[in-house]
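This report refers to the structure that appears directly beneath it.
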Amino acid sequence: MPEHGISNDSGLDELRIEADDRDRKKWIQIYMDARRLMVERDLASSPHELFSEKAFGPIARGPGSGIGWLMRDPGRELYSHVKALFPICRSITGAGLRQTLDYIGARVPLVRHEVPSGTKVLDWTVPAEWTVRGGVIETLAGRILVDFRRNNLHLVQYSLPVDRIVPAAELDRHLHSLPDRPDLIPYRTGYYSDSWGFCLAHRDRLALTEPAYRVRIDTELAPGSLSYGECLLPGEEEGEMLIAVHCCHPSLANDNVSGIAVAIELARRLAARPRRRLGYRFLFNPGTIGAIAWLHFNRDAPQRIRHGLVLSCLGDAGPPTYKQSRQGTAAIDRYAAYVLHAAGHAGRVLPFIPYGYDERQYCSPGFNLPVGCLMRSPNGTFPEYHTSADDLSFVRPEHLARSLDLLTQIIDLAEQDRVLLNTEPYGEPQLGPRGLFRAIGGASLGAEGERGFDHMALLWVLNLSDGQHSLLDIAERSGQEFATVAAAAAALGAAGLLRPA
Amino acid sequence: MPEHGISNDSGLDELRIEADDRDRKKWIQIYMDARRLMVERDLASSPHELFSEKAFGPIARGPGSGIGWLMRDPGRELYSHVKALFPICRSITGAGLRQTLDYIGARVPLVRHEVPSGTKVLDWTVPAEWTVRGGVIETLAGRILVDFRRNNLHLVQYSLPVDRIVPAAELDRHLHSLPDRPDLIPYRTGYYSDSWGFCLAHRDRLALTEPAYRVRIDTELAPGSLSYGECLLPGEEEGEMLIAVHCCHPSLANDNVSGIAVAIELARRLAARPRRRLGYRFLFNPGTIGAIAWLHFNRDAPQRIRHGLVLSCLGDAGPPTYKQSRQGTAAIDRYAAYVLHAAGHAGRVLPFIPYGYDERQYCSPGFNLPVGCLMRSPNGTFPEYHTSADDLSFVRPEHLARSLDLLTQIIDLAEQDRVLLNTEPYGEPQLGPRGLFRAIGGASLGAEGERGFDHMALLWVLNLSDGQHSLLDIAERSGQEFATVAAAAAALGAAGLLRPA
Amino acid sequence: MPEHGISNDSGLDELRIEADDRDRKKWIQIYMDARRLMVERDLASSPHELFSEKAFGPIARGPGSGIGWLMRDPGRELYSHVKALFPICRSITGAGLRQTLDYIGARVPLVRHEVPSGTKVLDWTVPAEWTVRGGVIETLAGRILVDFRRNNLHLVQYSLPVDRIVPAAELDRHLHSLPDRPDLIPYRTGYYSDSWGFCLAHRDRLALTEPAYRVRIDTELAPGSLSYGECLLPGEEEGEMLIAVHCCHPSLANDNVSGIAVAIELARRLAARPRRRLGYRFLFNPGTIGAIAWLHFNRDAPQRIRHGLVLSCLGDAGPPTYKQSRQGTAAIDRYAAYVLHAAGHAGRVLPFIPYGYDERQYCSPGFNLPVGCLMRSPNGTFPEYHTSADDLSFVRPEHLARSLDLLTQIIDLAEQDRVLLNTEPYGEPQLGPRGLFRAIGGASLGAEGERGFDHMALLWVLNLSDGQHSLLDIAERSGQEFATVAAAAAALGAAGLLRPA
């Protein structure tokens with residue numbers, strides 16, 4: 001009996017649309033490809049009236065849309081940012097942080113903020129600004145053994161100024177090394193400890209056998225300000241996606257120069273899109289205190305932030321990883337899980353824990369924002385983490401490019417997923433007169449390959465567009481790919497059979 | 001300690017009920033059997049006052065009740081319908097459809113409907129009526145190669161009249177065959193295509209090597225009407241179960257003469273029952289457009305239809321299959337799953353998809369009726385589907401009989417499942433004085449076999465009859481068989497310990 | 001980046017709290033241990049102002065708190081109760097039951113109740129009081145073959161007085177034995193059967209080959225009363241935990257002298273605690289009719305009973321078993337499951353069934369109290385059950401002690417679990433100035449062992465204390481042990497970062 005639904009219409013009317021349209025799915029695909037190219041060429045008008053987006057909104061785009069636009073090799077461009085930013089000695093305040101924001105601001109329209117030291121932000125106080133010019137441990141004879149200029153990890157961040165002879169035993173209490181990785185310099189901070197310290201390779205530490213050394217630390221801790229930058233790309237609808245990266249680590253390539261690089265390129269691509277459904281707010285900030293400050297000045301964030309992602313460690317060889325928001329079932333959690341699953345990394349979706357990056361702040365119970373974290377290897381899970389081995393060789397262009405690609409897919413899902421309403425919900429609408437059907441019925445849908453598959457997507461979208469199911473819900477219940485469902489919705493919307501819920 | 005509950009009563013009082021009643025379960029079983037026989041003999045009164053149904057409603061009946069009543073061999077009767085109906089050339093309108101409804105109406109009280117061509121029904125329009133008298137392809141020398149009279153599948157349904165010489169290349173565009181099954185004639189329709197066509201064995205198609213053929217199609221497409229029939233068997237309570245079958249396929253035995261045959265016999269059995277809790281509405285209609293028309297004239301269906309089943313493909317050798325309603329958790333979904341599970345076919349419960357039979361229409365989002373579909377082999381899953389191989393040899397009496405049996409079990413569940421209220425919900429009621437208990441306590445229930453098992457069912461029904469659980473809920477939570485739970489409820493209801501919720 | 005959260009504070013301030021406090025977890029542990037000892041010594045004041053319970057309530061105690069207090073060997077004390085109570089011939093009324101309540105009342109402050117025979121309680125009527133002085137079967141020559149004085153199981157409970165010659169065939173209908181366990185005397189009751197009977201070893205029954213015997217039963221069934229005892233230990237908050245044990249079985253050691261013994265010792269320990277958050281109501285009652293009577297006089301139980309446990313069979317060698325309440329997801333169900341899981345007995349959590357002990361009455365649908373049942377081997381699952389083999393050798397001191405220990409852990413969970421509110425829910429609060437943090441950041445938490453683990457617990461408690469999660473919810477979501485979470489909550493509460501929800 002099923003052929004009734006199939007042959008329910010004058011299929012030859014399909015010819016009204018396109019002379020040789022024997023395979024609607026291909027037709028739609030062609031349209032999509034054309035549309036994507038148009039978007040990438042910054043052309044806004046639609047090539048075919050049937051697919052006017054006026055009544056329906058932005059049309060579905062396939063994975064990776066936008067990739068390949070600004071450059072032929074996105075990995076190379078991403079890596080060039082990493083190389084440029086890696087040498088800078090960033091901290092949670094100070095010149096290195098501002099220099100980094102300058103670099104970003106030259107590529108992305110950035111609003112800069114400076115919050116004076118001593119300002120109360122939520123439960124915290126903005127600390128004094130730290131200026132660092134150098135730091136050495138030398139023998140009493142003047143031979144320099146450890147030098148900040150050789151590697152800015154040598155100095156514990158926020159070390160106080162020192163210039164005196166220090167007995168070996170006292171010095172040892174100010175040293176940090178890794179006995180299990182004796183060649184690596186660890187990264188340590190002491191923002192609120194009113195102390196000083198050096199990090200060095202354990203092998204070098206063991207060579208410190210003299211009774212005393214001269215320590216010279218040329219730093220300054222004085223009233224100043226905390227710096228961060230914001231870039232807002234407005235969208236057609238209310239609400240924003242927050243993309244946040246911390247910019248306070250010194251010479252650590254993966255954590256988090258890689259995140260800064262990916263955010264820069266993502267912002268450029270989104271800025272160039274002729275239309276965005278959502279607004280995108282990029283936040284480049286020192287970790288913890290910067291997020292705390294931003295939240296302090298954006299107490300209404302829960303009303304505005306519809307989705308959010310913290311980016312970090314996006315350049316290493318590990319598989320992509322998504323850490324869920326505290327909510328766990330937010331839309332962004334589903335989008336990221338869907339993309340990682342499709343990319344073969346379903347097992348890399350991790351539950352929220354209140355430790356990690358600034359999602360800790362965005363997901364604090366008072367805000368509880370739908371903000372997850374996209375990484376490759378998570379913090380603390382690789383031996384190079386927070387050491388001098390997290391350098392330019394640890395990050396590769398192809399991993400950066402792949403991270404940007406997955407991130408773009410997640411964003412495209414957020415752009416395309418929506419709840420639609422079937423305008424003819426009583427029985428199935430007659431598809432033939434609307435140019436959405438074949439003429440001869442009776443054969444199994446499955447036997448007709450691509451065409452049947454596409455027709456099933458039409459039926460699923462019609463059946464579940466009751467105001468309770470988004471397109472992703474429909475994709476998940478039907479087992480159809482999201483792109484197929486979105487394409488079917490585009491066709492139905494163009495035919496007047498769907499409207500926004 | 002458990003024996004307190006067990007020996008809580010003067011068990012010898014059981015003798016007040018029946019002199020030799022040592023095993024209440026057996027007693028109930030005897031009662032049940034007697035009752036079933038009574039029902040089958042069309043006797044309405046109860047043999048024992050204790051089990052009066054006045055306060056309680058229809059009593060539980062075991063699986064297969066009703067089977068064996070009208071005839072000794074239901075399979076033979078069912079198959080006789082299949083044989084009688086198979087040769088008729090049905091379509092979605094016309095004489096063959098009316099002849100089929102005549103056959104049904106001679107066996108079941110049928111209300112006939114005729115909807116004029118051109119009538120708007122939901123989003124659709126009733127098409128012109130199709131009359132077919134013949135159709136041949138012959139050589140220019142007059143030798144008939146393909147003839148509708150030999151097999152009514154040869155003509156694409158709704159083919160327009162033709163009588164002319166057709167060049168071979170043009171003819172080929174009007175032919176349908178199955179290269180992978182070269183001996184079978186496919187079944188094709190073109191209700192809304194304003195065209196014509198023939199279906200033939202691929203082997204015969206390859207033999208068409210002449211430059212031109214004469215095509216003669218003696219059909220007529222003219223204003224007329226769409227026919228369908230309804231049979232309503234009223235019940236004691238509000239609400240109906242819809243049993244719907246499509247009646248528009250020509251000579252295809254399984255899809256769906258088998259469904260028509262089973263529906264006829266089910267209607268006869270239900271009509272003969274002395275009492276029905278639910279009403280039963282049988283709908284014999286052309287697929288898609290007939291369901292659309294019925295829904296158009298029954299927009300209040302969601303208020304009336306409590307359960308529904310579409311029947312199709314019930315005569316082949318495949319295991320029984322239930323396709324869930326769109327809701328997925330409707331009562332009918334649970335009843336069908338329970339029966340198929342008990343019959344060893346748990347894996348044959350399939351989720352809803354918006355493709356298949358008229359459940360597509362009943363489950364469209366505007367109606368969203370609790371209507372599933374009962375089949376043996378589902379559409380499109382067997383090579384005989386929609387071909388000349390779906391003939392009288394493909395359908396067997398024993399499969400038809402088994403389908404009717406399972407369907408009856410599903411209906412008995414719907415009849416018997418209800419939410420009851422424990423009238424003594426504070427603590428356990430004292431069962432002994434009510435004749436529901438044994439005298440001597442202390443032994444484990446499990447050690448007493450059948451009797452203990454039955455006693456557990458009493459306790460479960462009392463414990464969960466809080467207005468939140470139906471008898472099927474209780475069966476599922478307790479792990480007891482539904483029949484045991486229903487029998488316990490019958491006994492408790494008779495003793496005044498349960499009342500309708 | 002994670003080190004920002006870690007080193008967010010002047011960790012050296014920790015020294016303000018305790019000079020050598022390098023490991024807060026150890027410090028808390030020390031505090032806990034000290035506190036527990038204090039509690040056990042009946043000292044109420046806190047050793048350290050920081051951990052004042054004034055603002056926060058009772059502090060977390062580790063598993064087994066209280067154990068080891070009253071005696072060095074709790075198993076020996078528990079077993080001494082079993083030995084003392086075992087010989088008494090208890091029934092649901094009468095002298096043996098009162099003697100048992102006397103024994104309990106000498107150790108626990110007990111309020112005694114007597115409910116006159118004939119009183120209507122819920123759906124039941126309090127039966128006549130049964131007095132038993134003896135019962136024998138003897139040969140006509142006067143040789144005693146079965147004697148109640150040798151084993152009080154020999155007489156079916158509530159046997160009527162008899163003194164006459166009984167033909168063997170008639171006698172046989174009054175005998176109970178176990179053919180599959182021919183050496184054991186079964187336990188049988190006939191409270192409401194107006195009959196009489198003997199229980200004996202099957203081997204002895206087979207030896208009764210004479211044509212007639214003299215039966216002498218010296219009992220009395222006369223108006224009297226039903227006895228039960230209550231002990232209420234008030235708590236600081238509204239609401240009670242019900243601990244109920246049946247006290248009506250004669251010489252059966254595991255079922256349920258073991259339950260009485262454990263309840264006595266638990267009540268003594270709880271009575272000696274300087275503070276109890278919850279009230280504890282101990283109920284010592286005859287099974288079924290006693291619970292029915294208590295519920296009859298406590299119809300408001302659902303308003304008062306927050307948690308409840310029925311205790312039975314706590315002295316055998318089987319693993320501990322928890323049978324869920326009818327609700328299945330009540331707090332007591334989670335507490336018991338958590339403790340059994342931690343003790344390696346996750347599989348011994350059984351779903352509710354409306355058969356077993358007095359949880360049947362507490363969980364009847366009208367009351368539906370959150371009352372589960374704690375056992376070792378459940379009723380009916382061991383061959384000694386309800387036979388003469390359930391004797392003093394079947395129960396062991398170490399099993400009794402372990403049962404008391406697990407029960408105490410469940411109660412400690414109920415005492416400590418609560419919903420708290422983070423007082424600084426916007427972003428993370430700055431932990432350093434509050435003495436809750438380390439100074440130098442940058443290393444992975446995981447790499448620091450115990451200290452990091454404890455810090456994670458602080459973050460989890462802060463993140464989830466939103467009024468929606470109890471401490472047990474936090475433990476389960478975080479994967480941290482409850483004790484660790486409770487200790488973190490104690491520290492945060494002391495620092496003013498948590499308050500009662």
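Lettering and numbering for the structure tokens are positional, with chains as A, B, ... in the shown order, residues counted from 1 in each chain, and ligands counted from 1 in the shown order.
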
Write out as a tab-separated table a residue-level contact list of chain C versus chain B with cut-off 6 Å: for each qualifying residue the closest pair of atoms and the distance in Å to one decimal, counting only C-alpha atoms, rows sorted by chain and residue number upward.
residue	atom	partner	partner_atom	distance
C:Asp123	CA	B:Pro429	CA	5.5
C:Tyr187	CA	B:Gly442	CA	6.0
C:Arg188	CA	B:Gly442	CA	4.6
C:Thr189	CA	B:Gly441	CA	5.0
C:Gly190	CA	B:Ile440	CA	5.0
C:Tyr192	CA	B:Ser10	CA	4.8
C:Ser193	CA	B:Ser10	CA	4.5
C:Thr288	CA	B:His4	CA	5.7
C:Pro354	CA	B:Leu459	CA	6.0
C:Gly356	CA	B:Pro2	CA	5.1
C:Tyr357	CA	B:Pro2	CA	5.5
C:Gln361	CA	B:Gly427	CA	4.5
C:Ser364	CA	B:Gly427	CA	5.1
C:Pro365	CA	B:Pro425	CA	5.3
C:Gly366	CA	B:Pro425	CA	4.5
C:Gly380	CA	B:Ser444	CA	5.5

Atoms to include: N, CA and C atoms. Write the selected residues as a CSV table (one decimal), in the first residue's frame.
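Printed below is again-v8.csv as written:
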chain,number,residue,atom,x,y,z
C,123,ASP,N,-8.3,-2.1,59.2
C,123,ASP,CA,-9.3,-3.1,58.7
C,123,ASP,C,-9.4,-4.4,59.6
C,187,TYR,N,8.1,-24.1,62.0
C,187,TYR,CA,7.4,-23.1,62.8
C,187,TYR,C,6.1,-22.8,62.0
C,188,ARG,N,5.0,-23.0,62.7
C,188,ARG,CA,3.7,-22.7,62.0
C,188,ARG,C,2.8,-21.9,63.0
C,189,THR,N,1.9,-21.1,62.4
C,189,THR,CA,1.0,-20.3,63.2
C,189,THR,C,-0.4,-20.5,62.7
C,190,GLY,N,-1.4,-20.3,63.6
C,190,GLY,CA,-2.8,-20.4,63.2
C,190,GLY,C,-3.6,-19.4,63.9
C,192,TYR,N,-5.7,-17.1,63.4
C,192,TYR,CA,-7.1,-16.8,63.1
C,192,TYR,C,-7.9,-18.1,62.6
C,193,SER,N,-7.3,-19.3,63.0
C,193,SER,CA,-7.9,-20.5,62.4
C,193,SER,C,-8.8,-21.3,63.3
C,288,THR,N,2.7,-7.7,61.8
C,288,THR,CA,1.4,-7.5,61.1
C,288,THR,C,0.4,-6.8,62.1
C,354,PRO,N,5.5,-6.6,47.9
C,354,PRO,CA,4.6,-6.5,49.0
C,354,PRO,C,4.4,-7.7,49.8
C,356,GLY,N,6.9,-10.0,53.0
C,356,GLY,CA,8.1,-10.0,53.8
C,356,GLY,C,7.8,-9.7,55.2
C,357,TYR,N,8.3,-8.5,55.7
C,357,TYR,CA,8.0,-8.1,57.1
C,357,TYR,C,7.0,-6.9,57.1
C,361,GLN,N,3.1,-3.2,55.7
C,361,GLN,CA,2.1,-2.4,56.2
C,361,GLN,C,2.5,-0.9,56.1
C,364,SER,N,2.0,0.2,52.6
C,364,SER,CA,0.6,0.0,51.9
C,364,SER,C,0.3,1.4,51.3
C,365,PRO,N,-0.5,1.4,50.2
C,365,PRO,CA,-0.7,2.6,49.4
C,365,PRO,C,-1.2,3.8,50.2
C,366,GLY,N,-2.0,3.5,51.2
C,366,GLY,CA,-2.5,4.7,51.9
C,366,GLY,C,-1.5,5.4,52.7
C,380,GLY,N,12.9,-16.8,53.9
C,380,GLY,CA,12.6,-17.8,52.9
C,380,GLY,C,13.7,-18.2,52.0

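Residues in contact with Pro186 of chain B at up to 10 Å, not including ones fewer than 4 positions away on its chain and judged by only C-alpha atoms, are Gly442 and Ala443 of chain A; Leu153, His154, Leu155, Val156, His176, Ser177, Leu178, Arg181, Pro182, Phe198, Cys199, Leu200, Ala201, His202, Glu384, Tyr385, His386, Thr387, Ser388 and Ala389 of chain B.
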
Near Cys373 of chain A, within 6 Å and counting only C-alpha atoms, which residues show up once chain neighbours fewer than 6 positions away are dropped, as a list in words? Leu309, Val310, Leu311, Tyr322 and Lys323 of chain A

Between atom CA of Ser159 of chain A and atom CA of Cys89 of chain A - distance in Å to one decimal: 13.6 Å

Contacts of Val349 of chain A at 8 Å (only C-alpha atoms; same-chain gap of 3+ positions) as a PyMOL selection string: chain A and resi 321-324+337+340+345-346

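Minimum distance to Asp147 of chain B across B:Tyr79, B:Asp333, B:His174, B:Ile217 (counting only C-alpha atoms) occurs at B:Ile217.
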
Residue with smallest distance to Arg205 of chain C - pool C:Asp183, C:Asp255, C:Glu220, C:Glu238, counting only C-alpha atoms: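 Checking each of C:Asp183, C:Asp255, C:Glu220, C:Glu238 against Arg205 of chain C, counting only C-alpha atoms, the winner is C:Asp183.
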
Excluding segment 279-283 of chain C and any residue of its chain fewer than 4 positions from it, enumerate the residues within 8 Å of it, using only C-alpha atoms, and give them as a ChimeraX atom specification. /C:228-245,263,267

Hey, what's within 9 Å of Asp163 of chain B if we count only C-alpha atoms and toss same-chain stuff fewer than 2 positions away? As an MDAnalysis selection string, please? chainID B and resid 161 165 214:218

For the structure I just gave you, how does DSSP split segment 171-369 of chain A - specifically, which residues are strand (DSSP E or B)? Reply as a PyMOL selection string. chain A and resi 175-176+186+189+198-199+212-222+225-233+240-246+279-285+305-311+321-323+349-350

Now that the selection is made, can you save its residues with C-alpha atoms as an mmCIF file, in the first residue's frame?
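Here's the written file part_33.cif:
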data_model
loop_
_atom_site.group_PDB
_atom_site.id
_atom_site.type_symbol
_atom_site.label_atom_id
_atom_site.label_comp_id
_atom_site.auth_asym_id
_atom_site.auth_seq_id
_atom_site.Cartn_x
_atom_site.Cartn_y
_atom_site.Cartn_z
ATOM 1 C CA LEU A 175 62.804 26.317 43.258
ATOM 2 C CA HIS A 176 60.365 24.189 41.237
ATOM 3 C CA PRO A 186 57.770 23.532 34.684
ATOM 4 C CA THR A 189 52.512 30.923 39.173
ATOM 5 C CA PHE A 198 62.321 29.955 39.822
ATOM 6 C CA CYS A 199 61.401 27.001 37.668
ATOM 7 C CA ALA A 212 75.032 30.330 48.129
ATOM 8 C CA TYR A 213 73.907 32.093 44.953
ATOM 9 C CA ARG A 214 73.033 35.560 43.882
ATOM 10 C CA VAL A 215 69.421 36.015 42.901
ATOM 11 C CA ARG A 216 68.390 39.025 40.857
ATOM 12 C CA ILE A 217 64.749 39.450 39.923
ATOM 13 C CA ASP A 218 63.917 42.638 38.090
ATOM 14 C CA THR A 219 60.131 42.851 38.474
ATOM 15 C CA GLU A 220 57.639 45.350 39.743
ATOM 16 C CA LEU A 221 54.261 44.866 41.382
ATOM 17 C CA ALA A 222 52.351 48.114 41.323
ATOM 18 C CA SER A 225 45.058 47.402 35.453
ATOM 19 C CA LEU A 226 43.768 44.130 34.149
ATOM 20 C CA SER A 227 43.347 43.978 30.351
ATOM 21 C CA TYR A 228 40.916 42.022 28.213
ATOM 22 C CA GLY A 229 39.389 42.328 24.766
ATOM 23 C CA GLU A 230 35.951 41.617 23.319
ATOM 24 C CA CYS A 231 34.746 41.242 19.752
ATOM 25 C CA LEU A 232 31.001 41.125 19.116
ATOM 26 C CA LEU A 233 29.686 40.042 15.712
ATOM 27 C CA GLU A 240 24.879 35.289 21.512
ATOM 28 C CA MET A 241 27.364 32.481 21.409
ATOM 29 C CA LEU A 242 30.308 33.162 23.697
ATOM 30 C CA ILE A 243 33.729 32.040 22.460
ATOM 31 C CA ALA A 244 36.230 32.532 25.263
ATOM 32 C CA VAL A 245 39.991 31.963 25.359
ATOM 33 C CA HIS A 246 42.498 32.667 28.081
ATOM 34 C CA GLY A 279 25.560 36.960 17.543
ATOM 35 C CA TYR A 280 29.117 35.861 18.381
ATOM 36 C CA ARG A 281 30.999 37.321 21.305
ATOM 37 C CA PHE A 282 34.708 36.553 21.391
ATOM 38 C CA LEU A 283 36.390 37.096 24.722
ATOM 39 C CA PHE A 284 40.189 37.223 25.019
ATOM 40 C CA ASN A 285 40.978 37.407 28.708
ATOM 41 C CA ILE A 305 24.384 33.839 26.245
ATOM 42 C CA ARG A 306 22.532 31.060 24.419
ATOM 43 C CA HIS A 307 25.598 28.896 23.821
ATOM 44 C CA GLY A 308 29.243 29.122 24.773
ATOM 45 C CA LEU A 309 32.578 27.438 24.232
ATOM 46 C CA VAL A 310 35.870 27.858 25.996
ATOM 47 C CA LEU A 311 38.764 27.035 23.633
ATOM 48 C CA THR A 321 37.575 16.460 23.152
ATOM 49 C CA TYR A 322 34.461 18.211 24.323
ATOM 50 C CA LYS A 323 33.823 18.826 27.988
ATOM 51 C CA VAL A 349 32.700 13.821 25.231
ATOM 52 C CA LEU A 350 33.507 14.256 28.905
#

Skip Leu407 of chain A itself and residues of its chain fewer than 3 positions away, then list as a count of residues only all residues within 12 Å of it, counting only C-alpha atoms. 45

Coordinates-based distance that separates atom CA of Gly347 of chain A from atom CA of Pro319 of chain A (Å, one decimal):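 So the two atoms, atom CA of Pro319 of chain A and atom CA of Gly347 of chain A, lie 10.0 Å apart.
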
Counting only C-alpha atoms, which of C:Asn368, C:Asn256, C:Gln327, C:Ser251 gets nearest to Gln303 of chain C?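 Counting only C-alpha atoms, the residue closest to Gln303 of chain C is C:Asn368.
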
Given the choices C:Gln409, C:Thr100, C:Ser258, C:Ser393, which gets closest to Glu77 of chain C if the distance is worked out from only C-alpha atoms?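 Smallest distance to Glu77 of chain C is found for C:Ser258.
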
Which of segment 66-302 of chain A DSSP labels alpha helix (DSSP H), written as a VMD selection string: chain A and resid 74 to 85 95 to 105 168 to 172 202 to 206 259 to 272 289 to 297 301 to 302

Using only C-alpha atoms for the distances, tell me which of C:Phe352, C:Glu129, C:Cys363, C:Pro167 is nearest to Pro116 of chain C.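 Going through C:Phe352, C:Glu129, C:Cys363, C:Pro167 one by one, the smallest distance to Pro116 of chain C is for C:Glu129.
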
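Separating atom CA of Pro87 of chain A from atom CA of Gly75 of chain A is a distance of 19.5 Å.
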